[in-house]
file input-v7.cif (mmCIF, C-alpha atoms)
data_work
loop_
_atom_site.group_PDB
_atom_site.id
_atom_site.type_symbol
_atom_site.label_atom_id
_atom_site.label_comp_id
_atom_site.auth_asym_id
_atom_site.auth_seq_id
_atom_site.Cartn_x
_atom_site.Cartn_y
_atom_site.Cartn_z
ATOM 1 C CA MET V 1 50.596 -59.187 205.743
ATOM 2 C CA ASN V 2 48.512 -60.589 202.890
ATOM 3 C CA GLY V 3 50.320 -62.095 199.899
ATOM 4 C CA PRO V 4 48.946 -62.379 196.338
ATOM 5 C CA LEU V 5 46.472 -65.168 195.580
ATOM 6 C CA PHE V 6 47.542 -68.330 193.797
ATOM 7 C CA TYR V 7 44.978 -70.673 192.294
ATOM 8 C CA SER V 8 44.417 -74.417 192.144
ATOM 9 C CA LYS V 9 44.793 -76.338 188.886
ATOM 10 C CA ILE V 10 43.222 -79.231 187.054
ATOM 11 C CA LEU V 11 45.268 -81.576 184.915
ATOM 12 C CA LEU V 12 42.602 -82.285 182.293
ATOM 13 C CA PHE V 13 44.723 -84.877 180.518
ATOM 14 C CA GLY V 14 48.068 -86.520 181.134
ATOM 15 C CA GLU V 15 47.950 -88.015 184.634
ATOM 16 C CA TYR V 16 50.599 -90.766 184.799
ATOM 17 C CA GLY V 17 51.150 -90.499 181.026
ATOM 18 C CA ILE V 18 53.321 -87.388 181.350
ATOM 19 C CA ILE V 19 55.754 -89.436 183.442
ATOM 20 C CA LYS V 20 56.311 -91.391 180.215
ATOM 21 C CA ASP V 21 56.192 -88.459 177.779
ATOM 22 C CA SER V 22 52.530 -88.337 176.818
ATOM 23 C CA LYS V 23 50.942 -85.009 176.064
ATOM 24 C CA GLY V 24 49.203 -83.214 178.901
ATOM 25 C CA LEU V 25 46.930 -80.226 179.395
ATOM 26 C CA SER V 26 46.684 -78.376 182.679
ATOM 27 C CA ILE V 27 44.331 -75.469 183.358
ATOM 28 C CA PRO V 28 44.053 -73.051 186.306
ATOM 29 C CA TYR V 29 40.934 -73.510 188.417
ATOM 30 C CA ASN V 30 40.089 -70.221 190.105
ATOM 31 C CA PHE V 31 37.416 -71.653 192.400
ATOM 32 C CA TYR V 32 40.102 -72.585 194.951
ATOM 33 C CA LYS V 33 42.947 -70.329 196.013
ATOM 34 C CA GLY V 34 45.539 -69.639 198.674
ATOM 35 C CA ALA V 35 47.819 -66.854 199.951
ATOM 36 C CA LEU V 36 50.557 -66.335 202.531
ATOM 37 C CA LYS V 37 49.282 -64.459 205.581
ATOM 38 C CA ILE V 38 50.252 -63.258 209.041
ATOM 39 C CA ASP V 39 47.437 -62.799 211.574
ATOM 40 C CA GLU V 40 47.611 -61.284 215.021
ATOM 41 C CA ASN V 41 45.361 -63.986 216.477
ATOM 42 C CA PRO V 42 46.052 -67.136 214.440
ATOM 43 C CA SER V 43 43.626 -70.080 214.429
ATOM 44 C CA GLN V 44 44.808 -73.620 215.197
ATOM 45 C CA GLU V 45 44.824 -74.299 211.436
ATOM 46 C CA ALA V 46 47.131 -71.311 210.905
ATOM 47 C CA ILE V 47 49.466 -72.527 213.673
ATOM 48 C CA ASP V 48 49.621 -76.028 212.094
ATOM 49 C CA SER V 49 50.286 -74.531 208.665
ATOM 50 C CA ASN V 50 53.078 -72.393 210.130
ATOM 51 C CA LYS V 51 54.741 -75.481 211.674
ATOM 52 C CA SER V 52 54.618 -77.242 208.321
ATOM 53 C CA LEU V 53 56.106 -74.177 206.588
ATOM 54 C CA VAL V 54 59.004 -74.130 209.062
ATOM 55 C CA LYS V 55 59.880 -77.695 207.928
ATOM 56 C CA PHE V 56 59.428 -76.659 204.293
ATOM 57 C CA ALA V 57 61.883 -73.761 204.851
ATOM 58 C CA ASP V 58 64.488 -76.302 206.032
ATOM 59 C CA HIS V 59 63.891 -78.302 202.830
ATOM 60 C CA LEU V 60 64.488 -75.159 200.748
ATOM 61 C CA ASP V 61 67.697 -74.560 202.683
ATOM 62 C CA ALA V 62 68.889 -78.020 201.747
ATOM 63 C CA LEU V 63 68.184 -77.770 197.991
ATOM 64 C CA GLU V 64 71.647 -78.651 196.810
ATOM 65 C CA ASP V 65 71.292 -78.151 193.080
ATOM 66 C CA ARG V 66 71.109 -74.390 193.632
ATOM 67 C CA LEU V 67 68.765 -73.882 190.748
ATOM 68 C CA VAL V 68 67.410 -71.156 192.944
ATOM 69 C CA THR V 69 68.349 -69.217 196.085
ATOM 70 C CA PHE V 70 65.910 -67.769 198.578
ATOM 71 C CA ASP V 71 65.941 -64.883 200.985
ATOM 72 C CA THR V 72 65.894 -67.376 203.859
ATOM 73 C CA ALA V 73 66.510 -64.676 206.467
ATOM 74 C CA LEU V 74 63.277 -62.920 205.457
ATOM 75 C CA LEU V 75 61.406 -66.231 205.138
ATOM 76 C CA LYS V 76 62.481 -67.352 208.617
ATOM 77 C CA SER V 77 61.697 -63.948 210.090
ATOM 78 C CA ASP V 78 58.167 -64.059 208.594
ATOM 79 C CA LEU V 79 57.705 -67.628 209.863
ATOM 80 C CA ALA V 80 58.782 -66.527 213.350
ATOM 81 C CA LYS V 81 55.973 -63.958 213.144
ATOM 82 C CA GLY V 82 53.540 -66.820 212.505
ATOM 83 C CA MET V 83 53.199 -66.665 208.696
ATOM 84 C CA TYR V 84 50.973 -69.436 207.296
ATOM 85 C CA PHE V 85 49.327 -70.431 204.022
ATOM 86 C CA ASP V 86 45.647 -69.543 204.085
ATOM 87 C CA SER V 87 44.049 -71.798 201.503
ATOM 88 C CA SER V 88 40.643 -72.995 200.368
ATOM 89 C CA ILE V 89 42.309 -75.651 198.155
ATOM 90 C CA PRO V 90 41.432 -79.124 199.492
ATOM 91 C CA GLN V 91 44.495 -81.262 200.246
ATOM 92 C CA GLY V 92 44.778 -84.711 198.669
ATOM 93 C CA TYR V 93 42.155 -83.893 196.021
ATOM 94 C CA GLY V 94 44.340 -83.660 192.916
ATOM 95 C CA VAL V 95 43.809 -79.927 192.408
ATOM 96 C CA GLY V 96 47.274 -78.737 193.391
ATOM 97 C CA SER V 97 47.175 -77.595 197.012
ATOM 98 C CA SER V 98 50.960 -77.858 197.415
ATOM 99 C CA GLY V 99 51.444 -76.298 193.957
ATOM 100 C CA ALA V 100 49.819 -73.021 195.008
ATOM 101 C CA LEU V 101 51.899 -72.941 198.195
ATOM 102 C CA VAL V 102 55.158 -73.541 196.279
ATOM 103 C CA ALA V 103 54.244 -70.801 193.776
ATOM 104 C CA SER V 104 53.544 -68.304 196.569
ATOM 105 C CA ILE V 105 56.843 -69.020 198.396
ATOM 106 C CA TYR V 106 58.839 -68.715 195.146
ATOM 107 C CA ASP V 107 57.031 -65.495 194.254
ATOM 108 C CA LYS V 108 57.817 -63.832 197.584
ATOM 109 C CA TYR V 109 61.233 -65.173 198.562
ATOM 110 C CA ALA V 110 63.204 -66.307 195.470
ATOM 111 C CA TYR V 111 66.149 -64.200 194.352
ATOM 112 C CA ASN V 112 66.360 -63.391 190.613
ATOM 113 C CA LYS V 113 62.959 -64.935 190.048
ATOM 114 C CA ILE V 114 61.542 -65.460 186.582
ATOM 115 C CA THR V 115 58.407 -63.327 186.468
ATOM 116 C CA VAL V 116 55.144 -63.862 184.646
ATOM 117 C CA LEU V 117 55.570 -60.525 182.873
ATOM 118 C CA GLU V 118 58.772 -61.323 181.013
ATOM 119 C CA ASN V 119 59.070 -63.151 177.716
ATOM 120 C CA LEU V 120 58.615 -66.755 178.811
ATOM 121 C CA THR V 121 60.928 -68.701 176.523
ATOM 122 C CA ARG V 122 60.891 -72.482 176.558
ATOM 123 C CA GLU V 123 64.189 -72.425 178.492
ATOM 124 C CA LYS V 124 62.661 -70.212 181.201
ATOM 125 C CA LEU V 125 59.578 -72.403 181.467
ATOM 126 C CA LEU V 126 61.706 -75.538 181.817
ATOM 127 C CA LYS V 127 63.883 -73.822 184.427
ATOM 128 C CA LEU V 128 60.785 -72.793 186.403
ATOM 129 C CA LYS V 129 59.403 -76.324 186.119
ATOM 130 C CA ALA V 130 62.704 -77.772 187.426
ATOM 131 C CA ILE V 131 62.818 -75.286 190.334
ATOM 132 C CA PHE V 132 59.208 -76.017 191.259
ATOM 133 C CA GLY V 133 59.781 -79.784 190.978
ATOM 134 C CA ALA V 134 62.700 -79.567 193.438
ATOM 135 C CA MET V 135 60.659 -77.398 195.817
ATOM 136 C CA GLU V 136 57.505 -79.515 195.654
ATOM 137 C CA SER V 137 59.384 -82.801 196.176
ATOM 138 C CA PHE V 138 59.127 -81.941 199.895
ATOM 139 C CA PHE V 139 55.409 -82.810 199.696
ATOM 140 C CA HIS V 140 55.291 -85.652 197.168
ATOM 141 C CA GLY V 141 58.699 -87.317 197.168
ATOM 142 C CA LYS V 142 58.909 -86.698 193.417
ATOM 143 C CA SER V 143 57.265 -83.862 191.540
ATOM 144 C CA SER V 144 57.086 -82.828 187.899
ATOM 145 C CA GLY V 145 56.787 -79.170 188.961
ATOM 146 C CA LEU V 146 53.742 -78.708 186.726
ATOM 147 C CA ASP V 147 51.221 -77.889 189.463
ATOM 148 C CA PRO V 148 53.199 -74.949 190.864
ATOM 149 C CA LEU V 149 54.013 -73.804 187.312
ATOM 150 C CA ASN V 150 50.324 -73.696 186.470
ATOM 151 C CA SER V 151 49.505 -71.892 189.677
ATOM 152 C CA TYR V 152 52.374 -69.410 189.242
ATOM 153 C CA LEU V 153 51.571 -68.512 185.624
ATOM 154 C CA SER V 154 47.791 -68.860 185.980
ATOM 155 C CA LEU V 155 47.658 -69.932 182.328
ATOM 156 C CA PRO V 156 46.677 -73.198 180.628
ATOM 157 C CA ILE V 157 49.829 -75.225 179.968
ATOM 158 C CA LEU V 158 50.288 -77.662 177.109
ATOM 159 C CA ILE V 159 52.789 -80.431 177.794
ATOM 160 C CA ASN V 160 54.080 -81.780 174.478
ATOM 161 C CA SER V 161 56.768 -83.886 176.164
ATOM 162 C CA LYS V 162 59.011 -83.689 179.229
ATOM 163 C CA ASP V 163 61.242 -81.074 177.612
ATOM 164 C CA ASN V 164 58.624 -79.237 175.597
ATOM 165 C CA ILE V 165 55.993 -77.237 177.460
ATOM 166 C CA GLU V 166 54.254 -74.033 176.471
ATOM 167 C CA PRO V 167 51.432 -71.761 177.616
ATOM 168 C CA THR V 168 48.407 -72.355 175.412
ATOM 169 C CA GLY V 169 44.949 -71.023 174.713
ATOM 170 C CA ILE V 170 41.915 -73.249 175.196
ATOM 171 C CA PRO V 171 38.556 -72.823 173.423
ATOM 172 C CA SER V 172 36.513 -70.202 175.255
ATOM 173 C CA GLN V 173 33.707 -71.520 177.400
ATOM 174 C CA ASN V 174 30.155 -71.615 176.178
ATOM 175 C CA GLU V 175 28.220 -70.860 179.369
ATOM 176 C CA ALA V 176 24.958 -71.953 177.733
ATOM 177 C CA GLY V 177 26.466 -75.177 176.382
ATOM 178 C CA ASN V 178 25.193 -78.620 177.347
ATOM 179 C CA GLY V 179 28.666 -80.119 177.352
ATOM 180 C CA ALA V 180 30.727 -79.878 180.538
ATOM 181 C CA VAL V 181 33.841 -80.933 182.365
ATOM 182 C CA PHE V 182 33.009 -81.614 186.003
ATOM 183 C CA LEU V 183 34.592 -82.724 189.263
ATOM 184 C CA LEU V 184 33.061 -85.524 191.301
ATOM 185 C CA ASP V 185 33.929 -85.548 194.993
ATOM 186 C CA SER V 186 34.939 -89.043 196.157
ATOM 187 C CA GLY V 187 34.816 -87.899 199.779
ATOM 188 C CA ILE V 188 38.172 -89.619 200.362
ATOM 189 C CA ILE V 189 41.531 -87.901 200.755
ATOM 190 C CA GLY V 190 43.975 -89.342 198.224
ATOM 191 C CA GLU V 191 47.708 -89.611 198.770
ATOM 192 C CA THR V 192 49.954 -89.118 195.768
ATOM 193 C CA ALA V 193 53.047 -91.097 196.819
ATOM 194 C CA PRO V 194 51.383 -94.553 197.319
ATOM 195 C CA MET V 195 49.549 -94.258 193.994
ATOM 196 C CA VAL V 196 52.719 -93.299 192.117
ATOM 197 C CA ASN V 197 54.498 -96.262 193.777
ATOM 198 C CA ILE V 198 51.799 -98.658 192.493
ATOM 199 C CA PHE V 199 52.206 -97.177 189.007
ATOM 200 C CA MET V 200 56.005 -97.551 189.119
ATOM 201 C CA GLU V 201 55.664 -101.192 190.240
ATOM 202 C CA ASN V 202 53.249 -101.875 187.350
ATOM 203 C CA MET V 203 55.739 -100.298 184.940
ATOM 204 C CA LYS V 204 58.074 -103.235 185.615
ATOM 205 C CA GLN V 205 55.648 -105.481 183.675
ATOM 206 C CA GLU V 206 56.016 -105.539 179.918
ATOM 207 C CA GLY V 207 52.257 -105.880 179.332
ATOM 208 C CA PHE V 208 51.530 -102.767 181.368
ATOM 209 C CA ARG V 209 54.224 -100.772 179.534
ATOM 210 C CA LYS V 210 52.750 -101.835 176.173
ATOM 211 C CA MET V 211 49.229 -100.850 177.265
ATOM 212 C CA LEU V 212 50.535 -97.482 178.446
ATOM 213 C CA LYS V 213 52.245 -96.711 175.166
ATOM 214 C CA ASN V 214 49.743 -98.184 172.684
ATOM 215 C CA GLN V 215 46.483 -97.297 174.423
ATOM 216 C CA PHE V 216 46.721 -94.930 177.377
ATOM 217 C CA ILE V 217 49.200 -92.444 175.863
ATOM 218 C CA LYS V 218 47.637 -92.714 172.394
ATOM 219 C CA HIS V 219 44.151 -91.809 173.678
ATOM 220 C CA THR V 220 45.526 -89.133 176.035
ATOM 221 C CA ASP V 221 47.383 -87.417 173.172
ATOM 222 C CA SER V 222 44.268 -87.556 170.979
ATOM 223 C CA CYS V 223 42.112 -86.077 173.776
ATOM 224 C CA VAL V 224 44.517 -83.146 174.194
ATOM 225 C CA GLU V 225 44.494 -82.451 170.447
ATOM 226 C CA ASP V 226 40.687 -82.753 170.198
ATOM 227 C CA PHE V 227 40.098 -80.514 173.203
ATOM 228 C CA LEU V 228 42.390 -77.755 171.919
ATOM 229 C CA LYS V 229 40.788 -77.914 168.453
ATOM 230 C CA GLY V 230 37.297 -77.938 169.923
ATOM 231 C CA ASP V 231 36.480 -81.196 168.093
ATOM 232 C CA VAL V 232 33.817 -82.444 170.526
ATOM 233 C CA LYS V 233 32.738 -85.509 168.527
ATOM 234 C CA SER V 234 36.262 -86.919 168.256
ATOM 235 C CA LEU V 235 37.016 -85.898 171.857
ATOM 236 C CA PHE V 236 34.165 -87.985 173.271
ATOM 237 C CA GLY V 237 35.178 -91.010 171.199
ATOM 238 C CA ASN V 238 38.695 -90.798 172.611
ATOM 239 C CA LEU V 239 37.419 -90.068 176.134
ATOM 240 C CA LYS V 240 35.374 -93.266 176.084
ATOM 241 C CA SER V 241 38.448 -95.268 175.058
ATOM 242 C CA LEU V 242 40.569 -93.534 177.712
ATOM 243 C CA SER V 243 37.958 -94.106 180.431
ATOM 244 C CA LYS V 244 37.861 -97.839 179.516
ATOM 245 C CA VAL V 245 41.654 -98.181 179.549
ATOM 246 C CA VAL V 246 41.858 -96.512 182.969
ATOM 247 C CA PHE V 247 39.051 -98.692 184.344
ATOM 248 C CA ASN V 248 40.744 -101.872 183.128
ATOM 249 C CA ASN V 249 44.323 -101.007 184.081
ATOM 250 C CA PHE V 250 44.288 -98.450 186.895
ATOM 251 C CA LYS V 251 41.755 -100.034 189.263
ATOM 252 C CA PRO V 252 43.754 -99.364 192.470
ATOM 253 C CA MET V 253 43.624 -95.628 191.658
ATOM 254 C CA ILE V 254 39.796 -95.650 191.438
ATOM 255 C CA PRO V 255 38.032 -95.711 194.837
ATOM 256 C CA LYS V 256 36.066 -99.005 195.029
ATOM 257 C CA GLN V 257 32.674 -97.375 195.552
ATOM 258 C CA PHE V 258 33.075 -95.593 192.191
ATOM 259 C CA HIS V 259 33.794 -98.702 190.093
ATOM 260 C CA SER V 260 30.145 -99.285 189.136
ATOM 261 C CA LEU V 261 29.548 -95.570 188.479
ATOM 262 C CA TRP V 262 32.605 -95.489 186.214
ATOM 263 C CA LYS V 263 31.365 -98.522 184.288
ATOM 264 C CA GLN V 264 27.841 -97.110 184.056
ATOM 265 C CA GLY V 265 29.161 -94.004 182.272
ATOM 266 C CA ILE V 266 30.961 -96.106 179.663
ATOM 267 C CA GLU V 267 27.950 -98.386 179.092
ATOM 268 C CA THR V 268 25.313 -95.622 178.834
ATOM 269 C CA ASN V 269 27.546 -92.988 177.146
ATOM 270 C CA ASP V 270 25.950 -90.411 179.489
ATOM 271 C CA TYR V 271 29.331 -89.337 180.876
ATOM 272 C CA TYR V 272 32.918 -90.571 180.990
ATOM 273 C CA LEU V 273 35.094 -90.529 184.101
ATOM 274 C CA LYS V 274 38.866 -90.279 184.365
ATOM 275 C CA LEU V 275 41.471 -89.754 187.052
ATOM 276 C CA CYS V 276 42.087 -86.255 188.345
ATOM 277 C CA GLY V 277 45.716 -86.258 189.434
ATOM 278 C CA SER V 278 47.066 -89.481 190.917
ATOM 279 C CA GLY V 279 43.695 -90.887 192.021
ATOM 280 C CA GLY V 280 43.118 -93.003 195.106
ATOM 281 C CA GLY V 281 40.564 -90.488 196.328
ATOM 282 C CA GLY V 282 40.061 -86.753 196.011
ATOM 283 C CA TYR V 283 38.272 -85.654 192.877
ATOM 284 C CA ILE V 284 37.363 -87.739 189.861
ATOM 285 C CA LEU V 285 37.164 -85.843 186.574
ATOM 286 C CA GLY V 286 34.104 -86.251 184.379
ATOM 287 C CA PHE V 287 33.070 -85.227 180.861
ATOM 288 C CA THR V 288 29.521 -85.111 179.536
ATOM 289 C CA GLN V 289 27.627 -83.822 176.510
ATOM 290 C CA ASN V 290 24.457 -83.381 178.543
ATOM 291 C CA ILE V 291 25.223 -81.864 181.946
ATOM 292 C CA ASN V 292 21.563 -81.651 183.066
ATOM 293 C CA LYS V 293 21.020 -85.366 182.487
ATOM 294 C CA THR V 294 24.344 -86.173 184.192
ATOM 295 C CA LYS V 295 23.459 -84.025 187.217
ATOM 296 C CA GLU V 296 20.216 -85.981 187.523
ATOM 297 C CA THR V 297 22.004 -89.355 187.173
ATOM 298 C CA LEU V 298 24.656 -88.359 189.731
ATOM 299 C CA LYS V 299 22.339 -86.453 192.060
ATOM 300 C CA ASP V 300 23.556 -88.425 195.090
ATOM 301 C CA TYR V 301 27.096 -87.159 194.567
ATOM 302 C CA LYS V 302 28.811 -83.813 194.973
ATOM 303 C CA LEU V 303 29.403 -82.504 191.469
ATOM 304 C CA GLU V 304 31.109 -79.232 190.442
ATOM 305 C CA VAL V 305 31.113 -77.974 186.838
ATOM 306 C CA VAL V 306 34.498 -76.513 185.911
ATOM 307 C CA TYR V 307 34.118 -75.839 182.181
ATOM 308 C CA ASN V 308 31.186 -75.608 179.760
ATOM 309 C CA PHE V 309 31.238 -76.166 176.010
#
call {"tool": "encode", "arguments": {"input": "input-v7.cif", "output": "structure tokens"}}
result
Amino acid sequence: MNGPLFYSKILLFGEYGIIKDSKGLSIPYNFYKGALKIDENPSQEAIDSNKSLVKFADHLDALEDRLVTFDTALLKSDLAKGMYFDSSIPQGYGVGSSGALVASIYDKYAYNKITVLENLTREKLLKLKAIFGAMESFFHGKSSGLDPLNSYLSLPILINSKDNIEPTGIPSQNEAGNGAVFLLDSGIIGETAPMVNIFMENMKQEGFRKMLKNQFIKHTDSCVEDFLKGDVKSLFGNLKSLSKVVFNNFKPMIPKQFHSLWKQGIETNDYYLKLCGSGGGGYILGFTQNINKTKETLKDYKLEVVYNF
């Protein structure tokens, strides 16, 4: 058995902010992917994945809100045959490893599933997001459902607010362009739950809440609008402000060895860094108007270009 492929995602803008109703923009990232498989001679990785899926199946059984029902008999029968999730998506890197898994399980085992081919009304999108959030909470404790939604639809998603999401188009890439969005590998596995807990603790302070609303969300919203319009000049102005705000207020989410690199980008204007997902490790997201110069500056680091403009 080989199931269909589901891809990783990158939340370009909106990390943490979308918890408090900022805009967000999430795009599929086809470099990494995963699929459900059954092999006759499974590797140790496949056996470990299968064990984890057995626990996940119990979680799906216990979903009380009944937003969705699954063919659990078929799921359990496939798991007994050794089904696992074969994935190239790195875990703990902020590119949606659990999202692709959730999308693949829903696709294969959900009854009355909402399909990508039907007319995706706002109601259907919100229902999918709620289903995926409940499913993915097994991995993160609390999930917005956006990662699996992105993986399932394989379309860029614009988050206007918690209750207003829509598929969107993004400016087409200019392969010859000097501008780029890139991923920087921190070499550390990040864990979502501890980072979200730090954020929630900070939210108890009035000063932090003010900063979030008046600076972080304001710049995030502007970045989303600039990116979708293709207004590069305004985008980089807002990116610089956003990068500064994150550096000053989200330090625990930035791995220590990247603090000086982060600051260097802001001071030289060569590139601007921001969190990719919850931070704490995994990938860091970067934006530059001169990718060749940035590659030279960051030559000691693992850098992957994900979008050119």
call {"tool": "residues_around", "arguments": {"input": "input-v7.cif", "residues": "Tyr7 in chain V", "least_positions_apart": "4", "cutoff": "8 Å", "atoms": "all atoms listed in the file", "output": "list in words"}}
result
Pro28, Tyr29, Asn30, Phe31, Tyr32, Lys33, Gly34, Ala100, Ser151 and Ser154 of chain V
call {"tool": "closest_residue", "arguments": {"input": "input-v7.cif", "among": "V:Thr297, V:Ser26, V:Thr121, V:Ser87", "to": "Asn164 in chain V", "atoms": "only C-alpha atoms"}}
result
V:Thr121
call {"tool": "atom_distance", "arguments": {"input": "input-v7.cif", "atom1": "CA of Leu184 in chain V", "atom2": "CA of Glu267 in chain V"}}
result
18.5 Å
call {"tool": "resolve_selection", "arguments": {"input": "input-v7.cif", "expression": "the PyMOL selection byres ((chain V and resi 27) around 9)", "output": "PyMOL selection string"}}
result
chain V and resi 8-12+25-26+28-29+150-151+154-158+170
call {"tool": "resolve_selection", "arguments": {"input": "input-v7.cif", "expression": "the PyMOL selection byres ((chain V and resi 176) around 12)", "output": "PyMOL selection string"}}
result
chain V and resi 172-175+177-180+290-292+307-309
call {"tool": "closest_residue", "arguments": {"input": "input-v7.cif", "among": "V:Ser278, V:Gln289, V:Asn41, V:Gln215", "to": "Val232 in chain V", "atoms": "only C-alpha atoms"}}
result
V:Gln289
call {"tool": "closest_atom_pairs", "arguments": {"input": "input-v7.cif", "of": "range 80-197 of chain V", "to": "range 52-70 of chain V", "cutoff": "12 Å", "atoms": "all atoms listed in the file", "output": "Markdown table"}}
result
| residue | atom | partner | partner_atom | distance |
| --- | --- | --- | --- | --- |
| V:Ala80 | CA | V:Val54 | CA | 8.7 |
| V:Lys81 | CA | V:Val54 | CA | 11.4 |
| V:Gly82 | CA | V:Val54 | CA | 9.8 |
| V:Met83 | CA | V:Leu53 | CA | 8.3 |
| V:Tyr84 | CA | V:Leu53 | CA | 7.0 |
| V:Phe85 | CA | V:Leu53 | CA | 8.2 |
| V:Asp86 | CA | V:Leu53 | CA | 11.7 |
| V:Ser98 | CA | V:Phe56 | CA | 11.0 |
| V:Leu101 | CA | V:Leu53 | CA | 9.5 |
| V:Val102 | CA | V:Phe56 | CA | 9.6 |
| V:Ser104 | CA | V:Leu53 | CA | 11.9 |
| V:Ile105 | CA | V:Phe70 | CA | 9.2 |
| V:Tyr106 | CA | V:Phe70 | CA | 7.9 |
| V:Asp107 | CA | V:Phe70 | CA | 10.1 |
| V:Lys108 | CA | V:Phe70 | CA | 9.1 |
| V:Tyr109 | CA | V:Phe70 | CA | 5.3 |
| V:Ala110 | CA | V:Phe70 | CA | 4.4 |
| V:Tyr111 | CA | V:Phe70 | CA | 5.5 |
| V:Asn112 | CA | V:Val68 | CA | 8.2 |
| V:Lys113 | CA | V:Val68 | CA | 8.2 |
| V:Ile114 | CA | V:Val68 | CA | 10.4 |
| V:Lys124 | CA | V:Leu67 | CA | 11.9 |
| V:Leu126 | CA | V:Leu67 | CA | 11.5 |
| V:Lys127 | CA | V:Leu67 | CA | 8.0 |
| V:Leu128 | CA | V:Leu67 | CA | 9.2 |
| V:Lys129 | CA | V:Leu67 | CA | 10.7 |
| V:Ala130 | CA | V:Leu67 | CA | 7.9 |
| V:Ile131 | CA | V:Leu67 | CA | 6.1 |
| V:Phe132 | CA | V:Val68 | CA | 9.7 |
| V:Gly133 | CA | V:Leu67 | CA | 10.8 |
| V:Ala134 | CA | V:Leu63 | CA | 7.4 |
| V:Met135 | CA | V:Leu60 | CA | 6.6 |
| V:Glu136 | CA | V:Phe56 | CA | 9.3 |
| V:Ser137 | CA | V:His59 | CA | 9.2 |
| V:Phe138 | CA | V:His59 | CA | 6.7 |
| V:Phe139 | CA | V:Phe56 | CA | 8.7 |
| V:Gly141 | CA | V:His59 | CA | 11.8 |
call {"tool": "atom_distance", "arguments": {"input": "input-v7.cif", "atom1": "CA of Ser22 in chain V", "atom2": "CA of Ile217 in chain V"}}
result
5.4 Å
call {"tool": "closest_residue", "arguments": {"input": "input-v7.cif", "among": "V:Asn202, V:Thr192, V:Asn160, V:Gln264", "to": "Ile18 in chain V", "atoms": "all atoms listed in the file"}}
result
V:Asn160
call {"tool": "closest_residue", "arguments": {"input": "input-v7.cif", "among": "V:Leu149, V:Leu239, V:Leu273, V:Leu36", "to": "Phe258 in chain V", "atoms": "only C-alpha atoms"}}
result
V:Leu273
call {"tool": "atom_distance", "arguments": {"input": "input-v7.cif", "atom1": "CA of Ile188 in chain V", "atom2": "CA of Gly282 in chain V"}}
result
5.5 Å
call {"tool": "closest_residue", "arguments": {"input": "input-v7.cif", "among": "V:Met1, V:Val224, V:Leu146, V:Met253", "to": "Asn197 in chain V", "atoms": "only C-alpha atoms"}}
result
V:Met253
